[in-house]
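For reference, protein_29.cif (mmCIF, C-alpha atoms and all ligand atoms):
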```
data_target
#
loop_
_atom_site.label_atom_id
_atom_site.label_comp_id
_atom_site.auth_asym_id
_atom_site.auth_seq_id
_atom_site.Cartn_x
_atom_site.Cartn_y
_atom_site.Cartn_z
CA MET A 92 0.00 0.00 0.00
CA ARG A 93 1.37 3.33 -1.15
CA TYR A 94 0.73 5.26 2.08
CA GLN A 95 1.00 2.48 4.66
CA ARG A 96 3.59 3.92 7.01
CA SER A 97 2.13 7.46 6.84
CA SER A 98 -1.24 6.01 7.74
CA ALA A 99 0.19 4.16 10.76
CA LEU A 100 2.04 7.28 11.91
CA PHE A 101 -1.13 9.35 11.57
CA ALA A 102 -3.08 6.88 13.71
CA GLU A 103 -0.37 7.10 16.36
CA ALA A 104 -0.20 10.91 16.18
CA LYS A 105 -3.95 11.14 16.77
CA LYS A 106 -3.51 9.43 20.13
CA TYR A 107 -1.38 12.27 21.46
CA ILE A 108 -2.03 15.33 19.28
CA PRO A 109 -5.53 16.73 18.58
CA GLY A 110 -6.46 15.54 15.09
CA GLY A 111 -2.92 14.21 14.74
CA VAL A 112 -1.53 17.54 13.52
CA ASN A 113 -0.19 20.82 14.87
CA SER A 114 -1.95 22.97 12.27
CA PRO A 115 -5.40 21.99 10.94
CA VAL A 116 -4.83 22.20 7.15
CA ARG A 117 -2.27 19.39 7.40
CA ALA A 118 -4.99 16.89 8.37
CA PHE A 119 -6.48 16.81 4.81
CA LYS A 120 -10.01 17.51 6.12
CA ALA A 121 -10.86 19.60 3.06
CA VAL A 122 -9.77 16.90 0.59
CA GLY A 123 -10.48 13.72 2.55
CA GLY A 124 -8.06 10.86 3.11
CA GLU A 125 -5.02 10.98 5.36
CA PRO A 126 -1.91 13.16 5.34
CA ILE A 127 1.45 11.88 4.21
CA PHE A 128 4.28 12.08 6.75
CA ILE A 129 7.52 13.58 5.51
CA LYS A 130 10.87 11.96 6.18
CA ASN A 131 13.11 14.42 4.37
CA ALA A 132 13.27 16.82 1.45
CA LYS A 133 15.84 18.26 -0.92
CA GLY A 134 15.42 20.86 -3.66
CA ALA A 135 11.99 20.55 -5.28
CA TYR A 136 11.29 17.12 -3.81
CA LEU A 137 9.57 15.84 -0.68
CA HIS A 138 10.13 12.22 0.38
CA ASP A 139 7.52 10.57 2.58
CA GLU A 140 7.91 7.79 5.16
CA ASP A 141 6.80 5.19 2.58
CA GLY A 142 9.60 6.15 0.20
CA ASN A 143 7.40 8.07 -2.27
CA ALA A 144 8.77 11.27 -3.84
CA TYR A 145 6.73 14.37 -4.68
CA VAL A 146 7.36 17.60 -6.54
CA ASP A 147 6.47 20.10 -3.80
CA TYR A 148 4.21 23.06 -4.65
CA ILE A 149 3.72 24.38 -1.12
CA SER A 150 7.37 24.95 -0.17
CA SER A 151 6.48 24.84 3.56
CA TRP A 152 3.62 27.28 2.72
CA GLY A 153 5.98 29.77 1.18
CA PRO A 154 9.33 30.14 2.96
CA LEU A 155 11.50 27.93 0.77
CA LEU A 156 12.05 30.19 -2.23
CA PHE A 157 15.09 28.19 -3.41
CA GLY A 158 13.74 24.77 -2.48
CA HIS A 159 14.28 22.42 0.46
CA ALA A 160 17.52 22.13 2.42
CA HIS A 161 19.10 25.00 0.47
CA GLN A 162 22.82 24.76 1.24
CA PRO A 163 23.58 28.38 2.30
CA VAL A 164 20.68 28.30 4.77
CA LEU A 165 21.70 24.89 6.15
CA ASP A 166 25.31 25.97 6.54
CA ALA A 167 24.33 29.17 8.36
CA VAL A 168 22.06 27.38 10.83
CA ILE A 169 24.50 24.56 11.58
CA GLU A 170 27.38 26.97 12.11
CA LYS A 171 25.26 29.23 14.35
CA ALA A 172 24.00 26.33 16.48
CA LYS A 173 27.57 25.57 17.54
CA ALA A 174 27.72 28.98 19.25
CA GLY A 175 24.68 28.25 21.40
CA THR A 176 20.99 28.13 20.46
CA SER A 177 19.38 30.88 22.55
CA PHE A 178 20.39 33.55 25.04
CA GLY A 179 17.51 35.97 25.56
CA ILE A 180 20.20 38.68 25.35
CA PRO A 181 20.95 40.84 22.27
CA THR A 182 23.08 39.37 19.46
CA GLU A 183 24.63 41.08 16.43
CA ILE A 184 22.82 38.88 13.90
CA GLU A 185 19.46 40.48 14.82
CA THR A 186 20.81 43.84 13.66
CA ARG A 187 22.29 42.32 10.48
CA LEU A 188 18.93 40.80 9.46
CA ALA A 189 17.06 44.01 10.38
CA GLU A 190 19.55 46.10 8.37
CA LEU A 191 19.16 43.91 5.28
CA ALA A 192 15.35 43.76 5.52
CA VAL A 193 15.15 47.56 5.84
CA LYS A 194 17.41 47.89 2.79
CA MET A 195 15.28 45.53 0.68
CA VAL A 196 11.76 46.65 1.64
CA PRO A 197 10.37 50.08 0.66
CA ASN A 198 8.92 52.46 3.26
CA ILE A 199 10.26 50.91 6.42
CA ASP A 200 12.89 52.28 8.80
CA LYS A 201 12.66 49.79 11.67
CA ILE A 202 11.58 46.21 12.15
CA ARG A 203 10.70 44.07 15.18
CA PHE A 204 11.17 40.30 15.02
CA VAL A 205 8.66 37.84 16.49
CA ASN A 206 8.14 34.09 16.07
CA SER A 207 5.25 33.74 13.61
CA GLY A 208 3.03 35.56 11.14
CA THR A 209 0.21 35.37 13.66
CA GLU A 210 2.27 37.21 16.23
CA ALA A 211 3.36 39.81 13.66
CA CYS A 212 -0.22 40.66 12.65
CA MET A 213 -1.52 40.65 16.21
CA SER A 214 1.27 42.98 17.34
CA ALA A 215 0.90 45.27 14.30
CA VAL A 216 -2.77 45.81 15.08
CA ARG A 217 -1.95 46.63 18.69
CA LEU A 218 0.64 49.12 17.49
CA ALA A 219 -1.87 50.68 15.06
CA ARG A 220 -4.42 51.03 17.86
CA GLY A 221 -1.85 52.48 20.24
CA TYR A 222 -0.62 54.91 17.59
CA THR A 223 -4.04 56.15 16.43
CA GLY A 224 -5.86 55.90 19.77
CA LYS A 225 -8.73 54.13 17.97
CA ASP A 226 -10.15 50.62 18.51
CA LYS A 227 -11.77 49.31 15.34
CA ILE A 228 -10.14 47.57 12.41
CA ILE A 229 -11.40 46.58 8.96
CA LYS A 230 -10.42 43.20 7.55
CA PHE A 231 -11.54 41.43 4.38
CA ALA A 232 -13.51 38.18 4.18
CA GLY A 233 -11.15 35.41 3.04
CA CYS A 234 -7.93 37.18 4.04
CA TYR A 235 -5.99 35.28 6.69
CA HIS A 236 -3.87 37.09 9.26
CA GLY A 237 -3.08 34.23 11.62
CA HIS A 238 -5.24 32.86 14.40
CA SER A 239 -5.37 35.67 16.95
CA ASP A 240 -8.85 36.56 18.24
CA SER A 241 -9.35 39.84 16.34
CA PHE A 242 -9.02 38.06 12.99
CA LEU A 243 -11.23 35.00 13.61
CA ILE A 244 -14.27 36.95 12.58
CA GLN A 245 -17.03 36.33 10.07
CA ALA A 246 -19.71 38.62 8.67
CA GLY A 247 -22.23 39.80 11.24
CA SER A 248 -25.94 39.32 10.63
CA GLY A 249 -28.38 41.74 9.04
CA ALA A 250 -27.79 45.44 9.46
CA VAL A 251 -24.84 45.26 11.88
CA THR A 252 -21.54 46.42 10.44
CA PHE A 253 -19.36 44.57 12.95
CA GLY A 254 -18.42 40.91 12.69
CA SER A 255 -19.20 37.88 14.82
CA PRO A 256 -16.76 35.24 16.09
CA ASN A 257 -16.09 32.38 13.68
CA SER A 258 -14.50 30.21 16.33
CA PRO A 259 -15.78 29.31 19.79
CA GLY A 260 -13.54 31.02 22.31
CA VAL A 261 -13.48 34.38 20.53
CA THR A 262 -15.62 36.82 22.50
CA GLN A 263 -18.37 39.08 21.16
CA GLY A 264 -16.45 41.91 22.81
CA THR A 265 -13.46 41.27 20.55
CA ALA A 266 -15.61 40.67 17.46
CA LYS A 267 -17.35 44.03 17.74
CA ASP A 268 -14.08 45.83 16.99
CA THR A 269 -13.47 43.99 13.70
CA LEU A 270 -15.47 45.13 10.67
CA LEU A 271 -15.63 42.77 7.73
CA ALA A 272 -15.38 43.99 4.13
CA THR A 273 -15.42 42.39 0.67
CA TYR A 274 -12.09 42.11 -1.16
CA ASN A 275 -11.83 44.17 -4.35
CA ASN A 276 -14.90 46.21 -3.33
CA LEU A 277 -13.82 49.76 -2.51
CA ASP A 278 -17.39 51.08 -2.12
CA ASN A 279 -18.01 48.53 0.60
CA VAL A 280 -14.96 49.79 2.52
CA LYS A 281 -16.02 53.41 2.08
CA GLU A 282 -19.44 52.58 3.52
CA LEU A 283 -17.87 50.94 6.57
CA VAL A 284 -15.55 53.89 7.12
CA ALA A 285 -18.45 56.36 6.82
CA ALA A 286 -20.57 54.34 9.25
CA ASN A 287 -17.70 54.26 11.78
CA LYS A 288 -16.30 57.74 11.21
CA GLY A 289 -13.24 58.54 13.31
CA GLU A 290 -13.24 55.12 15.02
CA ILE A 291 -11.05 53.03 12.73
CA ALA A 292 -7.38 52.44 13.59
CA ALA A 293 -6.41 50.26 10.64
CA ILE A 294 -7.39 48.55 7.43
CA ILE A 295 -5.52 45.25 7.14
CA LEU A 296 -5.28 43.11 4.03
CA GLU A 297 -3.20 40.66 2.06
CA PRO A 298 -2.06 42.98 -0.77
CA VAL A 299 -2.20 39.96 -3.08
CA ALA A 300 -4.44 37.43 -1.36
CA GLY A 301 -3.28 33.83 -1.05
CA ASN A 302 -5.63 32.33 1.52
CA MET A 303 -8.78 32.17 -0.65
CA GLY A 304 -6.83 30.95 -3.64
CA CYS A 305 -4.60 33.54 -5.23
CA ILE A 306 -6.57 36.76 -5.71
CA ILE A 307 -5.18 39.83 -7.39
CA PRO A 308 -6.27 43.26 -6.16
CA THR A 309 -7.62 45.62 -8.80
CA ASP A 310 -5.68 48.82 -9.27
CA GLU A 311 -8.72 50.86 -8.31
CA PHE A 312 -9.18 48.87 -5.08
CA ILE A 313 -5.61 49.03 -3.81
CA LYS A 314 -5.01 52.69 -4.78
CA GLY A 315 -8.43 53.59 -3.41
CA LEU A 316 -7.60 52.01 -0.04
CA ARG A 317 -4.36 53.97 0.17
CA ALA A 318 -6.11 57.27 -0.59
CA LEU A 319 -8.97 56.53 1.81
CA CYS A 320 -6.60 55.68 4.67
CA THR A 321 -4.56 58.84 4.14
CA GLN A 322 -7.70 60.96 3.99
CA GLU A 323 -9.28 59.43 7.12
CA GLY A 324 -6.18 59.09 9.32
CA ILE A 325 -6.39 55.29 9.17
CA LEU A 326 -3.23 53.16 9.02
CA LEU A 327 -2.95 50.85 6.02
CA LEU A 328 -1.53 47.48 7.13
CA PHE A 329 -0.12 45.18 4.46
CA ASP A 330 0.05 41.58 5.62
CA GLU A 331 3.03 40.49 3.54
CA VAL A 332 3.56 37.26 5.48
CA MET A 333 3.02 35.42 2.19
CA THR A 334 4.02 38.03 -0.40
CA GLY A 335 7.04 39.55 1.37
CA PHE A 336 10.34 38.57 -0.29
CA ARG A 337 8.32 36.28 -2.62
CA LEU A 338 6.75 38.58 -5.20
CA ALA A 339 9.89 40.74 -5.22
CA ALA A 340 12.70 41.71 -2.85
CA GLY A 341 10.43 44.55 -1.71
CA GLY A 342 7.29 42.40 -1.72
CA ALA A 343 3.84 43.54 -2.85
CA GLN A 344 4.59 47.16 -1.90
CA GLU A 345 7.30 47.19 -4.58
CA VAL A 346 5.32 45.31 -7.24
CA LEU A 347 2.07 47.25 -6.73
CA GLY A 348 3.80 50.58 -6.13
CA ILE A 349 1.80 51.25 -2.96
CA ALA A 350 3.29 52.40 0.36
CA ALA A 351 1.72 50.76 3.40
CA ASP A 352 1.99 52.23 6.93
CA ILE A 353 2.84 48.98 8.73
CA VAL A 354 4.05 45.83 6.96
CA MET A 355 4.00 42.33 8.43
CA PHE A 356 6.28 39.47 7.48
CA GLY A 357 6.68 35.76 8.11
CA LYS A 358 7.46 32.71 5.97
CA VAL A 359 10.38 33.72 3.65
CA ILE A 360 11.93 36.06 6.22
CA GLY A 361 12.64 33.03 8.44
CA GLY A 362 14.10 30.88 5.65
CA GLY A 363 12.14 27.89 7.01
CA LEU A 364 12.62 28.61 10.71
CA PRO A 365 9.94 30.26 12.89
CA VAL A 366 10.23 34.01 12.29
CA GLY A 367 7.68 36.77 11.90
CA ALA A 368 8.24 40.51 11.84
CA PHE A 369 6.47 43.84 11.58
CA ALA A 370 7.97 47.04 10.31
CA ALA A 371 7.12 50.70 9.73
CA SER A 372 8.55 54.21 9.73
CA ALA A 373 10.76 55.19 12.67
CA GLU A 374 7.97 57.51 13.81
CA ILE A 375 5.37 54.73 14.09
CA MET A 376 7.84 52.18 15.50
CA ALA A 377 8.84 54.67 18.23
CA HIS A 378 5.49 53.89 19.87
CA LEU A 379 6.64 50.33 20.56
CA ALA A 380 8.16 49.25 23.91
CA PRO A 381 10.78 49.92 25.17
CA GLU A 382 10.92 53.18 23.16
CA GLY A 383 7.20 53.82 23.54
CA PRO A 384 4.19 52.60 25.52
CA VAL A 385 2.76 49.87 23.23
CA TYR A 386 3.81 46.60 24.84
CA GLN A 387 5.20 43.67 22.87
CA ALA A 388 7.80 41.05 23.84
CA GLY A 389 9.10 37.51 23.23
CA THR A 390 11.44 35.07 24.98
CA LEU A 391 12.63 33.52 21.71
CA SER A 392 12.15 36.61 19.50
CA GLY A 393 15.28 37.26 17.46
CA ASN A 394 16.52 33.75 18.21
CA PRO A 395 20.01 33.37 16.70
CA LEU A 396 19.24 30.15 14.77
CA ALA A 397 16.08 31.65 13.30
CA MET A 398 17.90 34.90 12.48
CA SER A 399 20.75 33.03 10.79
CA ALA A 400 18.29 31.17 8.54
CA GLY A 401 16.52 34.43 7.71
CA LEU A 402 19.77 36.26 7.04
CA ALA A 403 21.04 33.49 4.76
CA MET A 404 17.74 33.49 2.86
CA LEU A 405 17.51 37.27 2.38
CA THR A 406 21.20 37.39 1.44
CA GLU A 407 20.54 34.76 -1.24
CA ILE A 408 17.66 36.83 -2.57
CA ASP A 409 19.69 40.05 -2.45
CA ASN A 410 22.55 38.37 -4.35
CA ASN A 411 20.29 36.57 -6.86
CA PRO A 412 17.51 39.03 -7.78
CA GLU A 413 16.94 37.10 -11.02
CA VAL A 414 15.22 34.42 -8.91
CA PHE A 415 11.95 36.37 -9.17
CA GLU A 416 11.95 36.35 -12.96
CA SER A 417 12.86 32.69 -12.98
CA LEU A 418 9.98 31.88 -10.61
CA GLU A 419 7.60 34.06 -12.61
CA ASN A 420 8.53 32.28 -15.86
CA LYS A 421 8.14 28.85 -14.32
CA THR A 422 4.77 29.73 -12.81
CA ALA A 423 3.57 31.20 -16.12
CA TYR A 424 4.67 27.98 -17.88
CA LEU A 425 2.71 25.90 -15.35
CA HIS A 426 -0.31 28.20 -15.73
CA LYS A 427 -0.31 27.84 -19.52
CA GLY A 428 0.23 24.06 -19.37
CA ILE A 429 -2.56 23.35 -16.86
CA ALA A 430 -4.97 25.72 -18.63
CA GLU A 431 -4.35 23.97 -21.98
CA VAL A 432 -4.93 20.52 -20.52
CA LEU A 433 -8.12 21.49 -18.63
CA THR A 434 -9.47 23.28 -21.71
CA GLU A 435 -8.69 20.25 -23.92
CA ARG A 436 -10.51 18.07 -21.43
CA GLY A 437 -13.50 20.41 -21.35
CA ILE A 438 -13.26 21.04 -17.61
CA ALA A 439 -14.54 24.42 -16.36
CA HIS A 440 -11.75 26.22 -14.54
CA GLN A 441 -10.23 29.54 -13.52
CA ILE A 442 -6.52 29.95 -12.88
CA ASN A 443 -5.32 32.95 -10.88
CA ARG A 444 -1.65 33.80 -10.78
CA PHE A 445 0.58 36.56 -9.49
CA GLY A 446 4.36 36.01 -9.60
CA SER A 447 5.07 32.61 -8.06
CA MET A 448 1.62 32.30 -6.45
CA ILE A 449 -1.01 30.38 -8.43
CA SER A 450 -4.36 28.67 -7.77
CA VAL A 451 -6.65 26.47 -9.86
CA HIS A 452 -10.41 26.81 -9.28
CA PHE A 453 -13.02 24.48 -10.76
CA CYS A 454 -15.67 27.05 -11.61
CA GLU A 455 -16.99 29.12 -14.54
CA GLU A 456 -16.84 32.65 -13.16
CA PRO A 457 -13.75 34.76 -12.39
CA VAL A 458 -12.47 34.39 -8.82
CA VAL A 459 -12.08 37.88 -7.33
CA ASP A 460 -13.11 37.56 -3.68
CA PHE A 461 -14.07 35.00 -1.03
CA ALA A 462 -17.61 34.40 -2.32
CA SER A 463 -16.47 33.68 -5.88
CA SER A 464 -13.64 31.48 -4.60
CA ALA A 465 -16.09 29.48 -2.47
CA LYS A 466 -18.11 28.63 -5.61
CA GLY A 467 -15.39 26.25 -6.82
CA ASN A 468 -16.48 22.61 -7.21
CA ASN A 469 -14.98 20.87 -4.20
CA ASP A 470 -15.62 17.34 -5.50
CA SER A 471 -13.50 18.11 -8.55
CA PHE A 472 -10.86 19.68 -6.33
CA LYS A 473 -10.68 16.58 -4.11
CA LYS A 474 -10.25 14.29 -7.13
CA TYR A 475 -7.67 16.63 -8.58
CA PHE A 476 -5.72 16.81 -5.33
CA HIS A 477 -5.62 13.05 -4.75
CA GLY A 478 -5.04 12.30 -8.44
CA MET A 479 -1.99 14.55 -8.36
CA LEU A 480 -0.76 13.18 -5.01
CA ASP A 481 -0.93 9.61 -6.33
CA GLN A 482 1.24 10.72 -9.27
CA GLY A 483 3.87 12.32 -7.03
CA ILE A 484 2.73 15.94 -7.11
CA TYR A 485 2.14 17.62 -3.76
CA LEU A 486 -0.41 20.47 -3.99
CA PRO A 487 -1.97 22.44 -1.13
CA PRO A 488 -4.66 20.19 0.42
CA SER A 489 -7.35 22.90 0.24
CA ALA A 490 -8.96 24.79 -2.63
CA PHE A 491 -8.51 28.01 -0.63
CA GLU A 492 -4.72 27.86 -0.61
CA SER A 493 -2.35 29.21 -3.20
CA TYR A 494 0.58 27.13 -4.51
CA PHE A 495 4.03 28.53 -3.82
CA LEU A 496 6.64 27.59 -6.35
CA ASN A 497 10.27 27.22 -5.39
CA ASP A 498 13.11 27.78 -7.82
CA ALA A 499 14.46 24.24 -7.43
CA ILE A 500 11.46 23.09 -9.51
CA SER A 501 12.75 22.38 -13.02
CA TYR A 502 10.97 22.55 -16.37
CA THR A 503 11.07 18.74 -16.38
CA ASP A 504 9.18 18.81 -13.07
CA LEU A 505 6.68 21.27 -14.54
CA ASP A 506 6.12 19.04 -17.59
CA LYS A 507 5.65 16.07 -15.27
CA THR A 508 3.07 18.10 -13.33
CA ILE A 509 1.17 19.11 -16.48
CA ASP A 510 1.16 15.46 -17.62
CA ALA A 511 -0.21 14.48 -14.23
CA VAL A 512 -3.11 16.92 -14.74
CA ARG A 513 -3.75 15.22 -18.10
CA ASN A 514 -3.87 11.79 -16.42
CA CYS A 515 -5.93 12.87 -13.39
CA LYS A 516 -9.40 11.31 -13.08
CA LEU A 517 -11.65 14.36 -12.73
C1 LIG A 601 0.73 32.25 6.96
C2 LIG A 601 0.07 33.55 7.11
C3 LIG A 601 -0.11 34.15 8.36
C4 LIG A 601 0.16 33.44 9.66
O1 LIG A 601 1.50 33.12 9.82
P1 LIG A 601 1.88 31.96 10.88
O2 LIG A 601 3.36 31.97 10.87
O3 LIG A 601 1.26 30.71 10.37
O4 LIG A 601 1.31 32.36 12.19
C5 LIG A 601 -0.59 35.44 8.39
N1 LIG A 601 -0.89 36.09 7.27
C6 LIG A 601 -0.76 35.55 6.05
C7 LIG A 601 -1.07 36.34 4.84
C8 LIG A 601 -0.28 34.25 5.93
O5 LIG A 601 -0.18 33.70 4.73
#
```
Kindly present the structure from the file in structure tokens form.
Amino acid sequence: MRYQRSSALFAEAKKYIPGGVNSPVRAFKAVGGEPIFIKNAKGAYLHDEDGNAYVDYISSWGPLLFGHAHQPVLDAVIEKAKAGTSFGIPTEIETRLAELAVKMVPNIDKIRFVNSGTEACMSAVRLARGYTGKDKIIKFAGCYHGHSDSFLIQAGSGAVTFGSPNSPGVTQGTAKDTLLATYNNLDNVKELVAANKGEIAAIILEPVAGNMGCIIPTDEFIKGLRALCTQEGILLLFDEVMTGFRLAAGGAQEVLGIAADIVMFGKVIGGGLPVGAFAASAEIMAHLAPEGPVYQAGTLSGNPLAMSAGLAMLTEIDNNPEVFESLENKTAYLHKGIAEVLTERGIAHQINRFGSMISVHFCEEPVVDFASSAKGNNDSFKKYFHGMLDQGIYLPPSAFESYFLNDAISYTDLDKTIDAVRNCKL
């Protein structure tokens, strides 16, 4: 049996870990079946516990821009570990990574490191509230900003403009400060701002969304948000946990030509180790403890192993800027190949792509927001996912997730992937 050992390991994991996983998407609930367990990985390939190999299209959900076990990152981490793994006392490498990040990213003077994207977004919102003296935030349905309470919000009912909790354990009190808007709908945001005049601290969004499939912001929407925020004294927060150092060295801000007020990072900035960060102008960051009154802290924040992985990764990007064009070309090739096969086969589909982010939706209408993304045919997606997995192609196990290409993927791998789509029972 192809997945025998993974299946046994999953059964064992479920005895000790809720659902057998430490992050829900890994459990394959959206696609059915059982997760594979990974033994090791190198370059574009994952190897599972049963000895099967897969071309990997999630790249640890984004961080591994150059593929798995990239030598410069490995070398940096191994060397650093010999000097001790954690001190809780300042180290030079924190400054070196901060210096490089500030050089690469537009519109930021200072950066604070944390341990995850969740922590970065949670802290950025606190900073925005502390800076503006206002409580409410606007977020968009389908955008993911980690699992802190303020973001686990769904649309409220009827005439109310505020959201309601979408997980037990999130209080109504927290939910009332988060207003929910529709992505790519500027009028909707303007209405919310008008209805809550002078009360909104921040508008937070994924500048290119990747957590409802890959969704591209219209020019009108993203420029309109910037103008509205400036006009109303609202801070514009770009959650670049996914897009930062992936769409370009300067992330979505650079590619879209829009300056955000606070920018959040994760994924690539840690090079595959747990790192998050948030950054802004010196003036805004001066409100953060210990310089200012907005409290934020972390025992393992700026951990030397994590910083060394991040520094090696950003240095690789800084030294090899052509990686973005290479990734873009590969993703465009994949896009064209999959589209041709699905069209030949007469299967209704939409493919959204921006840089090295891409998603395939089994539906007729363009996918521009959460509602249109949710219309995708999930039965087709399940068959597609498992059909690809059985042929050695690892795709995100949910129709709401974008693929993240890594540059270790070769054109041979891409052709193999396109062939697999041709041979998939759909
Ligand atoms: C992954 C992600 C997060 C959360 O990061 P974690 O490190 O998983 O906490 C936040 N925002 C976006 C856009 C993400 O893609």
Give the centre and edge lengths of an axis-aligned box, in Å to one decimal, that holds all listed atoms of ligand LIG 601 (chain A) with 8 Å on each side, as lines of an AutoDock Vina configuration file.
```
center_x = 1.1
center_y = 33.5
center_z = 8.5
size_x = 20.4
size_y = 21.6
size_z = 23.5
```
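Between atom CA of Lys507 of chain A and atom CA of Ala121 of chain A the separation is 24.9 Å.
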Query raised in the report: Excluding same-chain residues fewer than 5 positions from Ala380 of chain A, what lies within 12 Å of it counting all atoms listed in the file, as an NGL selection string?
Result: :A and (203 or 214 or 217-218 or 221 or 375 or 385-389)
Query - Test item: residues at most 12 Å from segment 456-471 of chain A, only C-alpha atoms, excluding those fewer than 6 positions along its chain, as a PyMOL selection string - result: chain A and resi 120-123+231-235+245-246+271-276+297+299-309+312+433+438-444+450+477-478+488-493+515-517
**Report entry** Residues within 10 Å of Leu505 of chain A, only C-alpha atoms, excluding chain neighbours under 2 positions, as a PyMOL selection string
**Finding:** chain A and resi 146+421-422+424-426+428-429+484+500-503+507-511
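With a cut-off of 7 Å and using all atoms listed in the file, the polymer residues contacting ligand LIG 601 (chain A) are Ser207, Gly208, Thr209, Glu210, Cys212, Cys234, Tyr235, His236, Gly237, His238, Glu297, Gly301, Asn302, Asp330, Glu331, Val332, Met333, Gly357, Lys358 and Gly367 of chain A.
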Report task. Could you tell me which of A:Gly446, A:Gly175, A:Gly401, A:Gly483 comes closest to Glu419 of chain A if we count all atoms listed in the file? Result -> A:Gly446
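Of the listed residues A:Arg220, A:Arg117, A:Arg337, A:Lys288, the one whose atoms come nearest to Phe157 of chain A is A:Arg337, with distances taken using all atoms listed in the file.
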Selection near segment 105-110 of chain A, 12 Å with all atoms listed in the file, sequence-local residues under 6 positions removed, as a PDB file with C-alpha atoms, in the coordinates of the input:
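And here's around.pdb as it stands now:
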```pdb
ATOM      1  CA  SER A  98      -1.240   6.010   7.740  1.00  0.00           C
ATOM      2  CA  ALA A  99       0.190   4.160  10.760  1.00  0.00           C
ATOM      3  CA  VAL A 116      -4.830  22.200   7.150  1.00  0.00           C
ATOM      4  CA  ARG A 117      -2.270  19.390   7.400  1.00  0.00           C
ATOM      5  CA  ALA A 118      -4.990  16.890   8.370  1.00  0.00           C
ATOM      6  CA  PHE A 119      -6.480  16.810   4.810  1.00  0.00           C
ATOM      7  CA  LYS A 120     -10.010  17.510   6.120  1.00  0.00           C
ATOM      8  CA  GLU A 125      -5.020  10.980   5.360  1.00  0.00           C
ATOM      9  CA  PRO A 126      -1.910  13.160   5.340  1.00  0.00           C
TER      10      PRO A 126
END
```
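One distance worth recording is that between atom CA of Thr434 of chain A and atom CA of Phe476 of chain A, which is 18.0 Å.
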Query raised in the report: Between atom CA of Gln162 of chain A and atom CA of Asn131 of chain A, what is the spacing in Å?
Result: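 Separation of atom CA of Asn131 of chain A and atom CA of Gln162 of chain A: 14.5 Å.
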Query - Residue nearest Cys320 of chain A among A:Glu183, A:Asp226, A:Asp141, A:Asp352 (counting all atoms listed in the file) - result: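 When distances to Cys320 of chain A are compared using all atoms listed in the file, the smallest one comes from A:Asp352.
Once only C-alpha atoms are considered, the residues situated within 7 Å of the file point (15.2, 33.9, 2.7) turn out to be Pro154, Leu156, Val359, Ile360, Gly361, Gly362, Gly401, Leu402, Ala403, Met404, Leu405, Glu407 and Ile408 of chain A.
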Query raised in the report: Can you tell me, as a PyMOL selection string, what residues are no more than 10 Å from Gln344 of chain A when counting all atoms listed in the file, ignoring any on the same chain fewer than 3 positions away?
Result: chain A and resi 196-198+298-299+329+331+334-335+338-341+347-351+354
Output for the residues just chosen: C-alpha atoms as a PDB file, in the coordinates of the input:
```
ATOM      1  CA  VAL A 196      11.760  46.650   1.640  1.00  0.00           C
ATOM      2  CA  PRO A 197      10.370  50.080   0.660  1.00  0.00           C
ATOM      3  CA  ASN A 198       8.920  52.460   3.260  1.00  0.00           C
ATOM      4  CA  PRO A 298      -2.060  42.980  -0.770  1.00  0.00           C
ATOM      5  CA  VAL A 299      -2.200  39.960  -3.080  1.00  0.00           C
ATOM      6  CA  PHE A 329      -0.120  45.180   4.460  1.00  0.00           C
ATOM      7  CA  GLU A 331       3.030  40.490   3.540  1.00  0.00           C
ATOM      8  CA  THR A 334       4.020  38.030  -0.400  1.00  0.00           C
ATOM      9  CA  GLY A 335       7.040  39.550   1.370  1.00  0.00           C
ATOM     10  CA  LEU A 338       6.750  38.580  -5.200  1.00  0.00           C
ATOM     11  CA  ALA A 339       9.890  40.740  -5.220  1.00  0.00           C
ATOM     12  CA  ALA A 340      12.700  41.710  -2.850  1.00  0.00           C
ATOM     13  CA  GLY A 341      10.430  44.550  -1.710  1.00  0.00           C
ATOM     14  CA  LEU A 347       2.070  47.250  -6.730  1.00  0.00           C
ATOM     15  CA  GLY A 348       3.800  50.580  -6.130  1.00  0.00           C
ATOM     16  CA  ILE A 349       1.800  51.250  -2.960  1.00  0.00           C
ATOM     17  CA  ALA A 350       3.290  52.400   0.360  1.00  0.00           C
ATOM     18  CA  ALA A 351       1.720  50.760   3.400  1.00  0.00           C
ATOM     19  CA  VAL A 354       4.050  45.830   6.960  1.00  0.00           C
TER      20      VAL A 354
END
```
Requested in this report: Point out the residue among A:Ile149, A:Met195, A:Ala400, A:Ile229 with the least atom-to-atom distance to Pro163 of chain A, counting all atoms listed in the file.
Outcome: A:Ala400
Query raised in the report: How would you write as JSON, numbers by chain the residues that get within 10 Å of (-15.6, 38.0, 12.0) in the file's frame, counting only C-alpha atoms?
Result: {"A": [230, 231, 232, 240, 241, 242, 243, 244, 245, 246, 247, 253, 254, 255, 256, 257, 258, 261, 263, 265, 266, 267, 268, 269, 270, 271, 272]}
